[in-house]
Every structure is written in structure tokens, then in C-alpha cells.
$ cat work-v8.cif   # mmCIF, C-alpha atoms
data_work
#
loop_
_atom_site.label_atom_id
_atom_site.label_comp_id
_atom_site.auth_asym_id
_atom_site.auth_seq_id
_atom_site.Cartn_x
_atom_site.Cartn_y
_atom_site.Cartn_z
CA MET A 1440 15.48 -2.15 -67.75
CA VAL A 1441 13.84 -5.48 -66.97
CA GLY A 1442 15.45 -5.77 -63.56
CA THR A 1443 14.96 -8.72 -61.26
CA GLY A 1444 12.40 -11.04 -62.73
CA SER A 1445 11.52 -14.12 -64.66
CA ALA A 1446 13.05 -14.83 -68.03
CA SER A 1447 9.66 -16.15 -69.15
CA VAL A 1448 7.97 -12.76 -68.92
CA SER A 1449 7.27 -11.61 -72.47
CA LYS A 1450 9.16 -8.71 -73.97
CA SER A 1451 6.02 -6.56 -74.22
CA VAL A 1452 5.24 -7.04 -70.52
CA SER A 1453 8.81 -6.27 -69.50
CA ALA A 1454 8.62 -3.08 -71.59
CA ALA A 1455 5.81 -1.89 -69.32
CA ARG A 1456 8.13 -1.67 -66.30
CA ASP A 1457 9.02 2.03 -66.50
CA PRO A 1458 5.48 3.31 -67.22
CA MET A 1459 4.16 1.04 -64.49
CA LEU A 1460 6.55 2.44 -61.90
CA ALA A 1461 5.94 6.07 -62.88
CA ILE A 1462 2.18 5.93 -63.46
CA GLY A 1463 0.78 2.93 -61.64
CA VAL A 1464 3.01 2.28 -58.66
CA ARG A 1465 4.63 5.32 -57.07
CA PRO A 1466 1.50 7.55 -57.10
CA ALA A 1467 -0.56 4.68 -55.68
CA TRP A 1468 1.91 4.05 -52.87
CA LEU A 1469 1.89 7.72 -51.91
CA ALA A 1470 -1.90 8.09 -52.00
CA ILE A 1471 -2.80 4.82 -50.31
CA GLY A 1472 -0.01 5.16 -47.74
CA ALA A 1473 -1.00 8.73 -46.83
CA ILE A 1474 -4.69 7.90 -46.50
CA THR A 1475 -3.89 4.86 -44.37
CA LEU A 1476 -1.83 6.97 -41.97
CA LEU A 1477 -4.57 9.61 -41.79
CA ALA A 1478 -7.21 6.96 -41.12
CA VAL A 1479 -5.15 5.41 -38.33
CA GLY A 1480 -4.77 8.84 -36.74
CA ASP A 1481 -8.43 9.72 -37.20
CA ALA A 1482 -9.56 6.43 -35.68
CA PHE A 1483 -8.22 7.53 -32.32
CA VAL A 1484 -10.53 10.55 -32.25
CA GLY A 1485 -13.54 9.10 -34.10
CA VAL A 1486 -13.30 11.29 -37.21
CA ALA A 1487 -13.37 8.38 -39.63
CA SER A 1488 -16.83 7.34 -38.48
CA THR A 1489 -18.34 10.80 -39.01
CA LEU A 1490 -17.25 11.65 -42.55
CA PRO A 1491 -19.93 13.71 -44.35
CA ALA A 1492 -21.79 11.95 -47.17
CA TRP A 1493 -20.30 14.15 -49.89
CA LEU A 1494 -16.78 13.22 -48.81
CA ARG A 1495 -17.53 9.50 -48.62
CA TYR A 1496 -18.94 9.52 -52.15
CA ALA A 1497 -16.40 11.97 -53.59
CA PRO A 1498 -13.91 9.34 -54.87
CA LEU A 1499 -16.66 7.63 -56.86
CA ALA A 1500 -17.74 10.96 -58.33
CA VAL A 1501 -14.15 11.79 -59.29
CA SER A 1502 -13.76 8.39 -60.95
CA LEU A 1503 -16.36 9.38 -63.56
CA GLY A 1504 -13.84 11.59 -65.31
CA ALA A 1505 -10.48 10.86 -63.72
CA PHE A 1506 -8.92 7.44 -64.35
CA GLY A 1507 -11.78 5.23 -63.09
CA LEU A 1508 -14.35 5.17 -65.88
CA PRO A 1509 -11.83 6.33 -68.56
CA HIS A 1510 -9.43 3.44 -67.91
CA GLY A 1511 -11.84 1.10 -69.68
CA ALA A 1512 -12.75 3.57 -72.42
CA VAL A 1513 -9.76 2.55 -74.55
CA ASP A 1514 -10.90 -1.07 -74.81
CA HIS A 1515 -11.74 -0.58 -78.48
CA LEU A 1516 -8.07 0.13 -79.23
CA ALA A 1517 -6.16 -1.89 -76.62
CA PRO A 1518 -6.51 -5.50 -77.89
CA ALA A 1519 -5.06 -4.70 -81.31
CA ARG A 1520 -2.21 -2.73 -79.77
CA ALA A 1521 -1.44 -5.58 -77.37
CA THR A 1522 -0.84 -7.84 -80.37
CA GLY A 1523 1.37 -5.24 -82.08
CA GLU A 1524 -1.25 -4.33 -84.68
CA ARG A 1525 -3.00 -1.12 -85.59
CA PRO A 1526 -6.68 -0.97 -84.59
CA THR A 1527 -8.85 -1.71 -87.62
CA LEU A 1528 -12.58 -1.81 -88.24
CA ARG A 1529 -12.43 -5.56 -87.62
CA TRP A 1530 -10.91 -5.05 -84.19
CA LEU A 1531 -13.42 -2.31 -83.37
CA ALA A 1532 -16.29 -4.55 -84.45
CA LEU A 1533 -15.07 -7.48 -82.33
CA VAL A 1534 -14.75 -5.34 -79.19
CA GLY A 1535 -18.07 -3.66 -79.89
CA LEU A 1536 -19.75 -7.05 -80.26
CA ALA A 1537 -18.24 -8.23 -76.97
CA TYR A 1538 -19.58 -5.14 -75.20
CA LEU A 1539 -22.99 -5.57 -76.79
CA LEU A 1540 -23.38 -9.24 -75.92
CA PHE A 1541 -21.82 -9.27 -72.47
CA GLY A 1542 -23.04 -5.83 -71.43
CA VAL A 1543 -26.65 -6.20 -72.54
CA GLY A 1544 -26.82 -9.74 -71.20
CA TYR A 1545 -25.52 -8.72 -67.78
CA ALA A 1546 -27.78 -5.65 -67.67
CA ALA A 1547 -30.77 -7.91 -68.30
CA LEU A 1548 -29.62 -10.22 -65.51
CA TRP A 1549 -29.72 -7.30 -63.06
CA TYR A 1550 -33.42 -6.89 -63.77
CA VAL A 1551 -34.17 -10.59 -63.53
CA ALA A 1552 -31.97 -11.54 -60.55
CA PRO A 1553 -30.46 -8.48 -58.85
CA ALA A 1554 -29.16 -10.32 -55.78
CA ALA A 1555 -27.39 -12.94 -57.90
CA SER A 1556 -26.07 -10.18 -60.16
CA ALA A 1557 -24.65 -8.32 -57.15
CA ALA A 1558 -22.90 -11.48 -55.94
CA PHE A 1559 -21.53 -12.07 -59.43
CA PHE A 1560 -20.25 -8.48 -59.59
CA ILE A 1561 -18.32 -8.94 -56.36
CA GLY A 1562 -16.77 -12.15 -57.67
CA LEU A 1563 -16.04 -10.64 -61.08
CA THR A 1564 -14.41 -7.58 -59.57
CA TRP A 1565 -12.41 -9.80 -57.20
CA PHE A 1566 -11.01 -11.63 -60.23
CA HIS A 1567 -10.46 -8.50 -62.31
CA TRP A 1568 -8.66 -6.49 -59.66
CA GLY A 1569 -6.45 -9.49 -58.97
CA GLN A 1570 -5.94 -9.78 -62.72
CA GLY A 1571 -4.79 -6.16 -62.91
CA ASP A 1572 -2.33 -6.43 -60.03
CA LEU A 1573 -0.90 -9.68 -61.36
CA TYR A 1574 -0.08 -7.95 -64.66
CA ALA A 1575 1.57 -5.08 -62.78
CA LEU A 1576 3.72 -7.52 -60.81
CA ASP A 1577 4.67 -9.28 -64.05
CA ALA A 1578 5.69 -5.94 -65.54
CA LEU A 1579 7.86 -5.15 -62.52
CA GLY A 1580 9.48 -8.59 -62.64
CA GLY A 1581 9.58 -11.34 -60.08
CA ALA A 1582 10.73 -14.95 -60.33
CA HIS A 1583 8.51 -15.88 -57.37
CA LEU A 1584 5.51 -15.59 -59.70
CA ASP A 1585 6.85 -18.46 -61.86
CA ASP A 1586 5.40 -20.84 -59.28
CA ARG A 1587 1.86 -21.79 -60.34
CA ALA A 1588 0.46 -21.80 -56.80
CA VAL A 1589 1.99 -18.39 -56.08
CA ARG A 1590 0.58 -16.95 -59.30
CA VAL A 1591 -2.96 -18.17 -58.61
CA GLY A 1592 -2.71 -17.26 -54.92
CA THR A 1593 -1.50 -13.76 -55.77
CA LEU A 1594 -4.53 -13.16 -57.99
CA VAL A 1595 -6.85 -14.40 -55.21
CA VAL A 1596 -5.16 -12.26 -52.57
CA ARG A 1597 -4.82 -9.06 -54.58
CA GLY A 1598 -8.44 -9.22 -55.75
CA GLY A 1599 -9.72 -10.13 -52.31
CA LEU A 1600 -8.06 -7.24 -50.50
CA PRO A 1601 -10.51 -4.59 -51.80
CA MET A 1602 -13.49 -6.96 -52.07
CA LEU A 1603 -13.32 -8.92 -48.81
CA VAL A 1604 -11.24 -7.04 -46.24
CA PRO A 1605 -13.71 -4.08 -45.93
CA LEU A 1606 -16.40 -6.58 -44.94
CA LEU A 1607 -14.30 -7.73 -42.00
CA ARG A 1608 -14.06 -4.28 -40.38
CA PHE A 1609 -17.13 -2.46 -41.74
CA PRO A 1610 -19.86 -5.11 -42.21
CA GLY A 1611 -22.79 -2.70 -41.86
CA ARG A 1612 -21.50 -0.27 -44.45
CA TYR A 1613 -20.53 -3.09 -46.80
CA ARG A 1614 -24.04 -4.52 -46.61
CA ASP A 1615 -25.64 -1.09 -47.10
CA VAL A 1616 -23.80 -0.60 -50.40
CA VAL A 1617 -24.81 -4.01 -51.76
CA ASP A 1618 -28.38 -3.50 -50.52
CA ALA A 1619 -28.53 -0.25 -52.47
CA TRP A 1620 -27.59 -2.05 -55.71
CA VAL A 1621 -30.38 -4.59 -55.27
CA ALA A 1622 -32.90 -1.96 -54.14
CA LEU A 1623 -32.60 -0.21 -57.51
CA PHE A 1624 -34.49 -3.14 -59.02
CA GLY A 1625 -37.07 -3.48 -56.27
CA GLY A 1626 -35.35 -6.43 -54.62
CA GLY A 1627 -33.98 -7.15 -51.20
CA LEU A 1628 -30.84 -8.86 -49.96
CA ASP A 1629 -30.93 -11.43 -47.20
CA ALA A 1630 -27.29 -11.26 -46.18
CA ALA A 1631 -27.46 -11.30 -42.39
CA TRP A 1632 -25.39 -14.48 -42.40
CA LEU A 1633 -22.63 -12.78 -44.41
CA VAL A 1634 -22.09 -9.98 -41.89
CA ALA A 1635 -22.46 -12.20 -38.82
CA PRO A 1636 -19.36 -12.16 -36.56
CA GLU A 1637 -18.72 -15.89 -36.91
CA THR A 1638 -18.87 -15.69 -40.72
CA ARG A 1639 -16.51 -12.74 -40.85
CA LEU A 1640 -14.14 -14.45 -38.45
CA ALA A 1641 -14.04 -17.55 -40.63
CA LEU A 1642 -13.62 -15.56 -43.85
CA GLY A 1643 -10.98 -13.31 -42.33
CA GLY A 1644 -9.01 -16.22 -40.91
CA ALA A 1645 -9.13 -18.14 -44.17
CA PHE A 1646 -8.13 -15.13 -46.24
CA ALA A 1647 -5.29 -14.23 -43.87
CA GLY A 1648 -4.10 -17.83 -44.18
CA VAL A 1649 -4.17 -17.68 -47.98
CA THR A 1650 -2.29 -14.37 -47.86
CA ALA A 1651 0.41 -15.74 -45.56
CA ALA A 1652 0.77 -18.99 -47.51
CA THR A 1653 1.05 -17.18 -50.84
CA LEU A 1654 3.71 -14.79 -49.54
CA LEU A 1655 5.63 -17.61 -47.86
CA LEU A 1656 5.62 -19.76 -51.00
CA GLY A 1657 6.78 -16.75 -52.99
CA ARG A 1658 9.57 -16.12 -50.49
CA LEU A 1659 10.73 -19.72 -50.78
CA ARG A 1660 10.58 -19.52 -54.60
CA ASP A 1661 12.56 -16.29 -54.84
CA GLY A 1662 12.90 -13.71 -52.08
CA GLY A 1663 14.42 -10.93 -54.13
CA ASP A 1664 13.44 -7.28 -54.44
CA ALA A 1665 10.32 -8.09 -56.46
CA TRP A 1666 9.00 -10.34 -53.69
CA VAL A 1667 9.72 -7.65 -51.10
CA ARG A 1668 7.73 -5.15 -53.18
CA ASP A 1669 4.89 -7.63 -53.57
CA ALA A 1670 4.79 -8.37 -49.84
CA GLY A 1671 4.99 -4.68 -48.94
CA GLU A 1672 2.08 -3.80 -51.22
CA THR A 1673 0.02 -6.68 -49.85
CA LEU A 1674 0.55 -5.61 -46.24
CA LEU A 1675 -0.14 -1.96 -47.11
CA LEU A 1676 -3.46 -2.88 -48.73
CA TRP A 1677 -4.44 -5.09 -45.79
CA ALA A 1678 -3.93 -2.12 -43.45
CA TYR A 1679 -5.62 0.34 -45.82
CA PHE A 1680 -8.83 -1.65 -46.24
CA LEU A 1681 -9.00 -2.43 -42.53
CA VAL A 1682 -8.88 1.20 -41.39
CA VAL A 1683 -10.40 3.29 -44.22
CA PRO A 1684 -14.22 3.33 -44.56
CA PRO A 1685 -15.30 1.17 -47.53
CA LEU A 1686 -16.74 3.78 -49.92
CA VAL A 1687 -13.68 5.98 -49.58
CA ALA A 1688 -11.27 3.04 -49.62
CA VAL A 1689 -12.69 1.36 -52.70
CA GLY A 1690 -13.28 4.64 -54.55
CA VAL A 1691 -9.70 5.83 -54.07
CA TYR A 1692 -8.29 2.37 -54.82
CA PHE A 1693 -10.32 2.20 -58.04
CA CYS A 1694 -8.88 5.50 -59.26
CA VAL A 1695 -5.29 5.60 -58.07
CA TRP A 1696 -4.38 1.93 -57.81
CA HIS A 1697 -6.32 -0.28 -60.20
CA SER A 1698 -7.08 2.25 -62.95
CA LEU A 1699 -3.64 3.86 -63.03
CA ARG A 1700 -1.99 0.45 -63.35
CA HIS A 1701 -4.17 -0.37 -66.32
CA ILE A 1702 -3.45 3.05 -67.83
CA ALA A 1703 0.27 2.32 -67.47
CA ARG A 1704 -0.37 -0.85 -69.47
CA LEU A 1705 -2.20 1.17 -72.13
CA VAL A 1706 0.83 3.45 -72.39
CA ALA A 1707 3.11 0.46 -72.83
CA VAL A 1708 1.12 -1.10 -75.70
CA ASP A 1709 0.51 2.15 -77.61
CA PRO A 1710 3.64 3.18 -79.58
CA GLY A 1711 2.56 6.82 -79.64
CA ALA A 1712 1.92 6.99 -75.90
CA ARG A 1713 5.13 5.11 -75.15
CA ASP A 1714 7.14 7.52 -77.30
CA ALA A 1715 5.47 10.42 -75.49
CA PHE A 1716 6.41 8.85 -72.15
CA ASP A 1717 10.03 8.28 -73.18
CA ASP A 1718 10.47 11.72 -74.76
CA ARG A 1719 8.31 14.05 -72.66
CA GLY A 1720 7.38 12.18 -69.51
CA THR A 1721 4.31 10.98 -67.65
CA ALA A 1722 2.00 13.93 -68.32
CA ALA A 1723 2.42 13.63 -72.10
CA ALA A 1724 1.68 9.90 -71.99
CA LEU A 1725 -1.41 10.43 -69.84
CA PHE A 1726 -2.62 13.07 -72.28
CA ARG A 1727 -2.36 10.56 -75.13
CA VAL A 1728 -4.37 7.96 -73.24
CA GLY A 1729 -6.87 10.58 -72.12
CA ARG A 1730 -7.39 11.69 -75.70
CA ASP A 1731 -8.14 8.11 -76.75
CA ALA A 1732 -10.49 7.60 -73.80
CA ALA A 1733 -12.40 10.90 -74.06
CA PRO A 1734 -15.04 9.97 -76.69
CA LEU A 1735 -16.29 6.80 -75.04
CA THR A 1736 -15.98 8.32 -71.56
CA ALA A 1737 -18.30 11.13 -72.68
CA VAL A 1738 -20.74 8.65 -74.23
CA SER A 1739 -20.74 6.55 -71.05
CA ILE A 1740 -21.41 9.56 -68.81
CA ALA A 1741 -24.22 10.74 -71.09
CA LEU A 1742 -25.76 7.25 -71.02
CA LEU A 1743 -25.47 7.08 -67.24
CA VAL A 1744 -27.12 10.48 -66.83
CA GLY A 1745 -29.90 9.44 -69.19
CA VAL A 1746 -30.59 6.27 -67.20
CA ALA A 1747 -30.64 8.27 -63.95
CA VAL A 1748 -33.15 10.75 -65.41
CA VAL A 1749 -35.41 8.01 -66.78
CA ALA A 1750 -35.24 6.18 -63.45
CA GLY A 1751 -36.18 9.40 -61.63
CA LEU A 1752 -33.35 9.17 -59.11
CA ASP A 1753 -33.11 12.98 -58.68
CA ALA A 1754 -30.42 13.96 -56.18
CA ASP A 1755 -30.47 10.88 -53.92
CA ILE A 1756 -26.72 10.44 -53.53
CA GLU A 1757 -26.93 6.84 -52.30
CA ALA A 1758 -29.18 5.77 -55.19
CA LEU A 1759 -27.03 7.63 -57.72
CA ALA A 1760 -23.90 5.93 -56.39
CA ALA A 1761 -25.65 2.55 -56.54
CA LEU A 1762 -26.68 3.19 -60.15
CA TYR A 1763 -23.13 4.18 -61.05
CA LEU A 1764 -21.75 0.99 -59.50
CA VAL A 1765 -24.30 -1.16 -61.35
CA PHE A 1766 -23.37 0.70 -64.53
CA ILE A 1767 -19.71 -0.06 -63.84
CA ALA A 1768 -20.67 -3.69 -63.23
CA VAL A 1769 -22.30 -3.94 -66.66
CA LEU A 1770 -19.18 -2.49 -68.29
CA THR A 1771 -16.81 -4.61 -66.20
CA LEU A 1772 -17.84 -7.95 -67.72
CA PRO A 1773 -16.80 -7.10 -71.32
CA HIS A 1774 -13.82 -5.14 -69.95
CA VAL A 1775 -12.59 -8.29 -68.17
CA ALA A 1776 -12.90 -10.19 -71.46
CA VAL A 1777 -10.79 -7.55 -73.21
CA VAL A 1778 -8.12 -7.63 -70.48
CA ALA A 1779 -8.09 -11.44 -70.57
CA TRP A 1780 -7.45 -11.25 -74.32
CA MET A 1781 -4.61 -8.79 -73.71
CA ASP A 1782 -3.15 -11.17 -71.11
CA TRP A 1783 -3.29 -13.98 -73.66
CA ALA A 1784 -1.64 -11.86 -76.36
CA GLU A 1785 1.14 -10.75 -74.00
CA THR A 1786 1.52 -14.06 -72.09
CA ALA A 1787 0.74 -12.29 -68.83
CA GLY A 1788 -1.38 -12.96 -65.76
CA LEU A 1789 -3.11 -16.34 -65.61
CA ALA A 1790 -2.61 -16.78 -69.37
CA ARG A 1791 1.03 -17.63 -68.62
CA LEU A 1792 -0.12 -20.79 -66.86
CA VAL A 1793 -1.64 -22.02 -70.11
CA ARG A 1794 0.68 -20.63 -72.74
CA GLU A 1795 3.88 -21.83 -71.06
CA GLN A 1796 2.79 -25.44 -70.60
#
$ encode --input "work-v8.cif" --output "C-alpha cells"
Amino acid sequence: MVGTGSASVSKSVSAARDPMLAIGVRPAWLAIGAITLLAVGDAFVGVASTLPAWLRYAPLAVSLGAFGLPHGAVDHLAPARATGERPTLRWLALVGLAYLLFGVGYAALWYVAPAASAAFFIGLTWFHWGQGDLYALDALGGAHLDDRAVRVGTLVVRGGLPMLVPLLRFPGRYRDVVDAWVALFGGGLDAAWLVAPETRLALGGAFAGVTAATLLLGRLRDGGDAWVRDAGETLLLWAYFLVVPPLVAVGVYFCVWHSLRHIARLVAVDPGARDAFDDRGTAAALFRVGRDAAPLTAVSIALLVGVAVVAGLDADIEALAALYLVFIAVLTLPHVAVVAWMDWAETAGLARLVREQ
């Protein structure tokens, strides 16, 4: 069941292999691969540059109820389950306190320094999405990740693919999205230097170099099936984010790649969901996770709608999308803390670098 991989991967992480393949890997490959092929074809006739607004924002809208927002709505239960315990009032209080302190603090920072908050969100998401993919690769096995440089490089590369690569091909659209975040708070963003050709060339060259070096080091460490899968996913995501417009690319990635991989992890740490997966398949396991996520997903959507009404955003789709992304940003900081705790409990991700010393 563990397959090709490192003997140092913890038993709980290895147990996530089957749910990860069924829930977080195969559907993502199909969706991202199909969209990449469509985008390549559309690019020859100019369709990709003329997508209607509703279609460009559709993946973000879908993520409200399908996988995106709900994948973090089980944070009150996940840390206890990752340690093999039942969630108790103590666990719920600890997670609630983390959300209160980190969430409220970050929300206040958006009002005080929106441009700095936007930059922090990009960096935080870069780390978190790399964090999520690193766990998935651990679950699937791979001795090449035992190398410290490969492990750190993999996190940098996997997080940078959705956060940096769209800037290289679609600088104007990338800047428009970040501008919209800052504009919600009456600020402006002086980022002409970031989208300048020479800056993008330098960033793209450096990131391509880090990608190549990380994959080469991994190949030298262990070039088995797990490395081939890792390299294939990396190249697929490079192509995907280069050819698919940013809002669509990031919205779909958020739902079907990042969120589904975390949901597969939630299935693995929850005995009830894992039994449902083993006995009745993927749909039954997803239903269990969805049931756990439903209350806080509903509360989050209600809160988001309330903020939009108070802010008087009406039906401005760009402003509503910006508000949603800022809302996600506020939730992401405590969510990253929860996932980092899970990594520590399961000796996964970057936590392995510390715990195995």
C-alpha cells in the first residue's frame, strides 16, 4: 500500500496514499490537463483572451460551496484527528482562539496597510500551496524528498507555480486582481516595477532555474516512479499557468488541486471518513467530510454576504471577487497554522526537517 517511498514517512501519512490518489490526484490531473489542452487550442484562435466576465469568475464562485471554502471548514476537528485523538472542547477552543487572534489581527492589517497585506497574502499562499503539495507527495511516497534541499525546493516550486507563473504570461491581469484587493480599502498599488518585462524575465528565469535544480537533485537522489510523478505534475502546472488566464487558472486550481488534496488528507485522519472510503468509496468519504464542513461553511458564507452588504458592493463582480479573496486571505493565516500543526503531528512537510534531526 505504501509503494515506492521513504521509510521515514510516518504511518499516518502513508495511510493517506489511497485517498490521495482517488480524491486529490486523479481528478486534478484530468481537470488541469483538459483545461490546459483547451487553452492551448483556444490560444491559436484568440478565444482565451475574450472569455466573458461570468466565466472568468465562475471558478471562484463555485469554490464558495464546492471544495474551496469548505476545505478549511474542518479545521476545528482536523488537528485532534491528526494526533489520533477525538476532538474535545479543549481542541475546539484552541483552534477557535487561533482563528480569532490570527484572523482578526490580519483583518485589521488590511485596513491599516492594504498593500503590505496583499503582498503578505501572496507570500502566505505561496507557502501554503507548497505546503499542501509537499504533504501530497509525502503521502504518495518518494525517497527523493528525503534530501533537505529537494524538500525545501519542492515547497518553493509547488507554491510558486500558481502564485508566480501567471505573472509571467498575464502581468496586466495579475496586477488588476491585486489592485482590486487594495482598492477595497481606498488604497493604491504602485507595482509597475513588478510587471515590467525585465522584472518578469528575471523572476521567470530564476524560478525556472529553481524548478530545474530541484527536479535534477531529486532525480539524482532517487529517480523512481514517485520522482517521475512529481516531475510530471510540475511540468503540467508550468504549462497550465502559462496558458490559462489567471482568474480561471487559480480558481480551478484552488478547487480541484489544492482543496481536494487537503480533503483527501481529512479523509485519511478521520476514522469514520476513512472507513467510508474503504467500504463504500470516494463519494461516501466526501459526504462525511462535507457534513463536517457544512456548518462553518454556511457561517462563513453568511459572514461574507453580510460584509458585502455593509460595504455596499452591490453586484460589482470585480469588487465582490476581491472581497472574497481578501476574506479567504484572512482565513488562510489561521488555516496555515492548523495545517502546520498537522504536519508536526504527522511528521510531514517541512516538519520532517525538524523532527527527524
$ closest_atom_pairs --input "work-v8.cif" --of "region 1717-1767 of chain A" --to "region 1542-1561 of chain A" --cutoff "12 Å" --atoms "all atoms listed in the file" --output "Markdown table"
| residue | atom | partner | partner_atom | distance |
| --- | --- | --- | --- | --- |
| A:Ala1761 | CA | A:Ala1557 | CA | 10.9 |
| A:Leu1762 | CA | A:Trp1549 | CA | 11.3 |
| A:Leu1764 | CA | A:Phe1560 | CA | 9.6 |
| A:Val1765 | CA | A:Ala1557 | CA | 8.3 |
| A:Phe1766 | CA | A:Ala1546 | CA | 8.3 |
| A:Ile1767 | CA | A:Phe1560 | CA | 9.4 |
$ resolve_selection --input "work-v8.cif" --expression "the PyMOL selection byres ((chain A and resi 1619) around 12)" --output "PyMOL selection string"
chain A and resi 1553-1554+1557+1612-1618+1620-1628+1755-1765
$ resolve_selection --input "work-v8.cif" --expression "the PyMOL selection byres ((chain A and resi 1696-1713) around 8)" --output "PyMOL selection string"
chain A and resi 1451+1454-1455+1458-1459+1462-1464+1467+1506-1507+1510+1517+1520-1521+1523+1568+1571-1572+1575+1691-1695+1714-1717+1723-1725+1727-1728
$ residues_near_point --input "work-v8.cif" --point "(-6.8, -16.0, -43.0)" --cutoff "12 Å" --atoms "only C-alpha atoms" --output "CSV table (one decimal) with C-alpha atoms, keeping the file's coordinate frame"
chain,number,residue,atom,x,y,z
A,1596,VAL,CA,-5.2,-12.3,-52.6
A,1599,GLY,CA,-9.7,-10.1,-52.3
A,1600,LEU,CA,-8.1,-7.2,-50.5
A,1603,LEU,CA,-13.3,-8.9,-48.8
A,1604,VAL,CA,-11.2,-7.0,-46.2
A,1607,LEU,CA,-14.3,-7.7,-42.0
A,1639,ARG,CA,-16.5,-12.7,-40.8
A,1640,LEU,CA,-14.1,-14.4,-38.4
A,1641,ALA,CA,-14.0,-17.6,-40.6
A,1642,LEU,CA,-13.6,-15.6,-43.8
A,1643,GLY,CA,-11.0,-13.3,-42.3
A,1644,GLY,CA,-9.0,-16.2,-40.9
A,1645,ALA,CA,-9.1,-18.1,-44.2
A,1646,PHE,CA,-8.1,-15.1,-46.2
A,1647,ALA,CA,-5.3,-14.2,-43.9
A,1648,GLY,CA,-4.1,-17.8,-44.2
A,1649,VAL,CA,-4.2,-17.7,-48.0
A,1650,THR,CA,-2.3,-14.4,-47.9
A,1651,ALA,CA,0.4,-15.7,-45.6
A,1652,ALA,CA,0.8,-19.0,-47.5
A,1653,THR,CA,1.0,-17.2,-50.8
A,1677,TRP,CA,-4.4,-5.1,-45.8
$ resolve_selection --input "work-v8.cif" --expression "the PyMOL selection byres ((chain A and resi 1565) around 6)" --output "PyMOL selection string"
chain A and resi 1562-1564+1566-1568+1598-1599+1602
$ residues_around --input "work-v8.cif" --residues "Ala1588 (chain A)" --least-positions-apart "4" --cutoff "9 Å" --atoms "all atoms listed in the file" --output "JSON, numbers by chain"
{"A": [1584, 1592, 1593, 1653, 1656, 1657]}
$ closest_residue --input "work-v8.cif" --among "A:Ala1779, A:Ala1578, A:Ala1678, A:Val1479" --to "Ser1449 (chain A)" --atoms "only C-alpha atoms"
A:Ala1578
$ closest_residue --input "work-v8.cif" --among "A:Ala1470, A:Val1591, A:Leu1606, A:Ala1519" --to "Leu1792 (chain A)" --atoms "all atoms listed in the file"
A:Val1591
$ decode --input "work-v8.cif" --residues "region 1547-1553 of chain A" --atoms "all heavy atoms" --output "PDB file, in the first residue's frame"
ATOM      1  N   ALA A1547      -7.404  43.385  10.560  1.00  0.00           N
ATOM      2  CA  ALA A1547      -7.065  44.757  10.943  1.00  0.00           C
ATOM      3  C   ALA A1547      -5.910  45.283  10.100  1.00  0.00           C
ATOM      4  O   ALA A1547      -5.886  46.466   9.721  1.00  0.00           O
ATOM      5  CB  ALA A1547      -6.709  44.802  12.430  1.00  0.00           C
ATOM      6  N   LEU A1548      -4.955  44.404   9.790  1.00  0.00           N
ATOM      7  CA  LEU A1548      -3.811  44.820   8.979  1.00  0.00           C
ATOM      8  C   LEU A1548      -4.247  45.249   7.584  1.00  0.00           C
ATOM      9  O   LEU A1548      -3.666  46.176   6.998  1.00  0.00           O
ATOM     10  CB  LEU A1548      -2.786  43.688   8.899  1.00  0.00           C
ATOM     11  CG  LEU A1548      -1.472  44.012   8.179  1.00  0.00           C
ATOM     12  CD1 LEU A1548      -0.711  45.116   8.913  1.00  0.00           C
ATOM     13  CD2 LEU A1548      -0.606  42.754   8.064  1.00  0.00           C
ATOM     14  N   TRP A1549      -5.273  44.606   7.030  1.00  0.00           N
ATOM     15  CA  TRP A1549      -5.777  45.001   5.719  1.00  0.00           C
ATOM     16  C   TRP A1549      -6.252  46.450   5.730  1.00  0.00           C
ATOM     17  O   TRP A1549      -6.074  47.192   4.765  1.00  0.00           O
ATOM     18  CB  TRP A1549      -6.907  44.081   5.268  1.00  0.00           C
ATOM     19  CG  TRP A1549      -6.429  42.830   4.591  1.00  0.00           C
ATOM     20  CD1 TRP A1549      -6.283  41.597   5.151  1.00  0.00           C
ATOM     21  CD2 TRP A1549      -6.019  42.692   3.222  1.00  0.00           C
ATOM     22  NE1 TRP A1549      -5.809  40.691   4.216  1.00  0.00           N
ATOM     23  CE2 TRP A1549      -5.648  41.337   3.028  1.00  0.00           C
ATOM     24  CE3 TRP A1549      -5.944  43.564   2.146  1.00  0.00           C
ATOM     25  CZ2 TRP A1549      -5.195  40.859   1.799  1.00  0.00           C
ATOM     26  CZ3 TRP A1549      -5.503  43.085   0.918  1.00  0.00           C
ATOM     27  CH2 TRP A1549      -5.123  41.750   0.751  1.00  0.00           C
ATOM     28  N   TYR A1550      -6.870  46.871   6.818  1.00  0.00           N
ATOM     29  CA  TYR A1550      -7.348  48.249   6.906  1.00  0.00           C
ATOM     30  C   TYR A1550      -6.198  49.229   7.080  1.00  0.00           C
ATOM     31  O   TYR A1550      -6.216  50.336   6.549  1.00  0.00           O
ATOM     32  CB  TYR A1550      -8.334  48.393   8.067  1.00  0.00           C
ATOM     33  CG  TYR A1550      -9.716  47.884   7.750  1.00  0.00           C
ATOM     34  CD1 TYR A1550     -10.089  46.591   8.105  1.00  0.00           C
ATOM     35  CD2 TYR A1550     -10.642  48.684   7.084  1.00  0.00           C
ATOM     36  CE1 TYR A1550     -11.362  46.109   7.807  1.00  0.00           C
ATOM     37  CE2 TYR A1550     -11.910  48.212   6.779  1.00  0.00           C
ATOM     38  CZ  TYR A1550     -12.261  46.921   7.147  1.00  0.00           C
ATOM     39  OH  TYR A1550     -13.516  46.451   6.841  1.00  0.00           O
ATOM     40  N   VAL A1551      -5.185  48.822   7.826  1.00  0.00           N
ATOM     41  CA  VAL A1551      -4.072  49.720   8.120  1.00  0.00           C
ATOM     42  C   VAL A1551      -3.078  49.791   6.963  1.00  0.00           C
ATOM     43  O   VAL A1551      -2.602  50.882   6.603  1.00  0.00           O
ATOM     44  CB  VAL A1551      -3.346  49.254   9.402  1.00  0.00           C
ATOM     45  CG1 VAL A1551      -2.108  50.113   9.662  1.00  0.00           C
ATOM     46  CG2 VAL A1551      -4.285  49.312  10.590  1.00  0.00           C
ATOM     47  N   ALA A1552      -2.763  48.647   6.370  1.00  0.00           N
ATOM     48  CA  ALA A1552      -1.734  48.584   5.325  1.00  0.00           C
ATOM     49  C   ALA A1552      -2.154  47.585   4.249  1.00  0.00           C
ATOM     50  O   ALA A1552      -1.640  46.465   4.191  1.00  0.00           O
ATOM     51  CB  ALA A1552      -0.392  48.194   5.931  1.00  0.00           C
ATOM     52  N   PRO A1553      -3.114  47.974   3.394  1.00  0.00           N
ATOM     53  CA  PRO A1553      -3.633  47.018   2.404  1.00  0.00           C
ATOM     54  C   PRO A1553      -2.592  46.520   1.408  1.00  0.00           C
ATOM     55  O   PRO A1553      -2.610  45.345   1.034  1.00  0.00           O
ATOM     56  CB  PRO A1553      -4.745  47.800   1.702  1.00  0.00           C
ATOM     57  CG  PRO A1553      -4.473  49.243   2.004  1.00  0.00           C
ATOM     58  CD  PRO A1553      -3.817  49.259   3.342  1.00  0.00           C
TER      59      PRO A1553
END
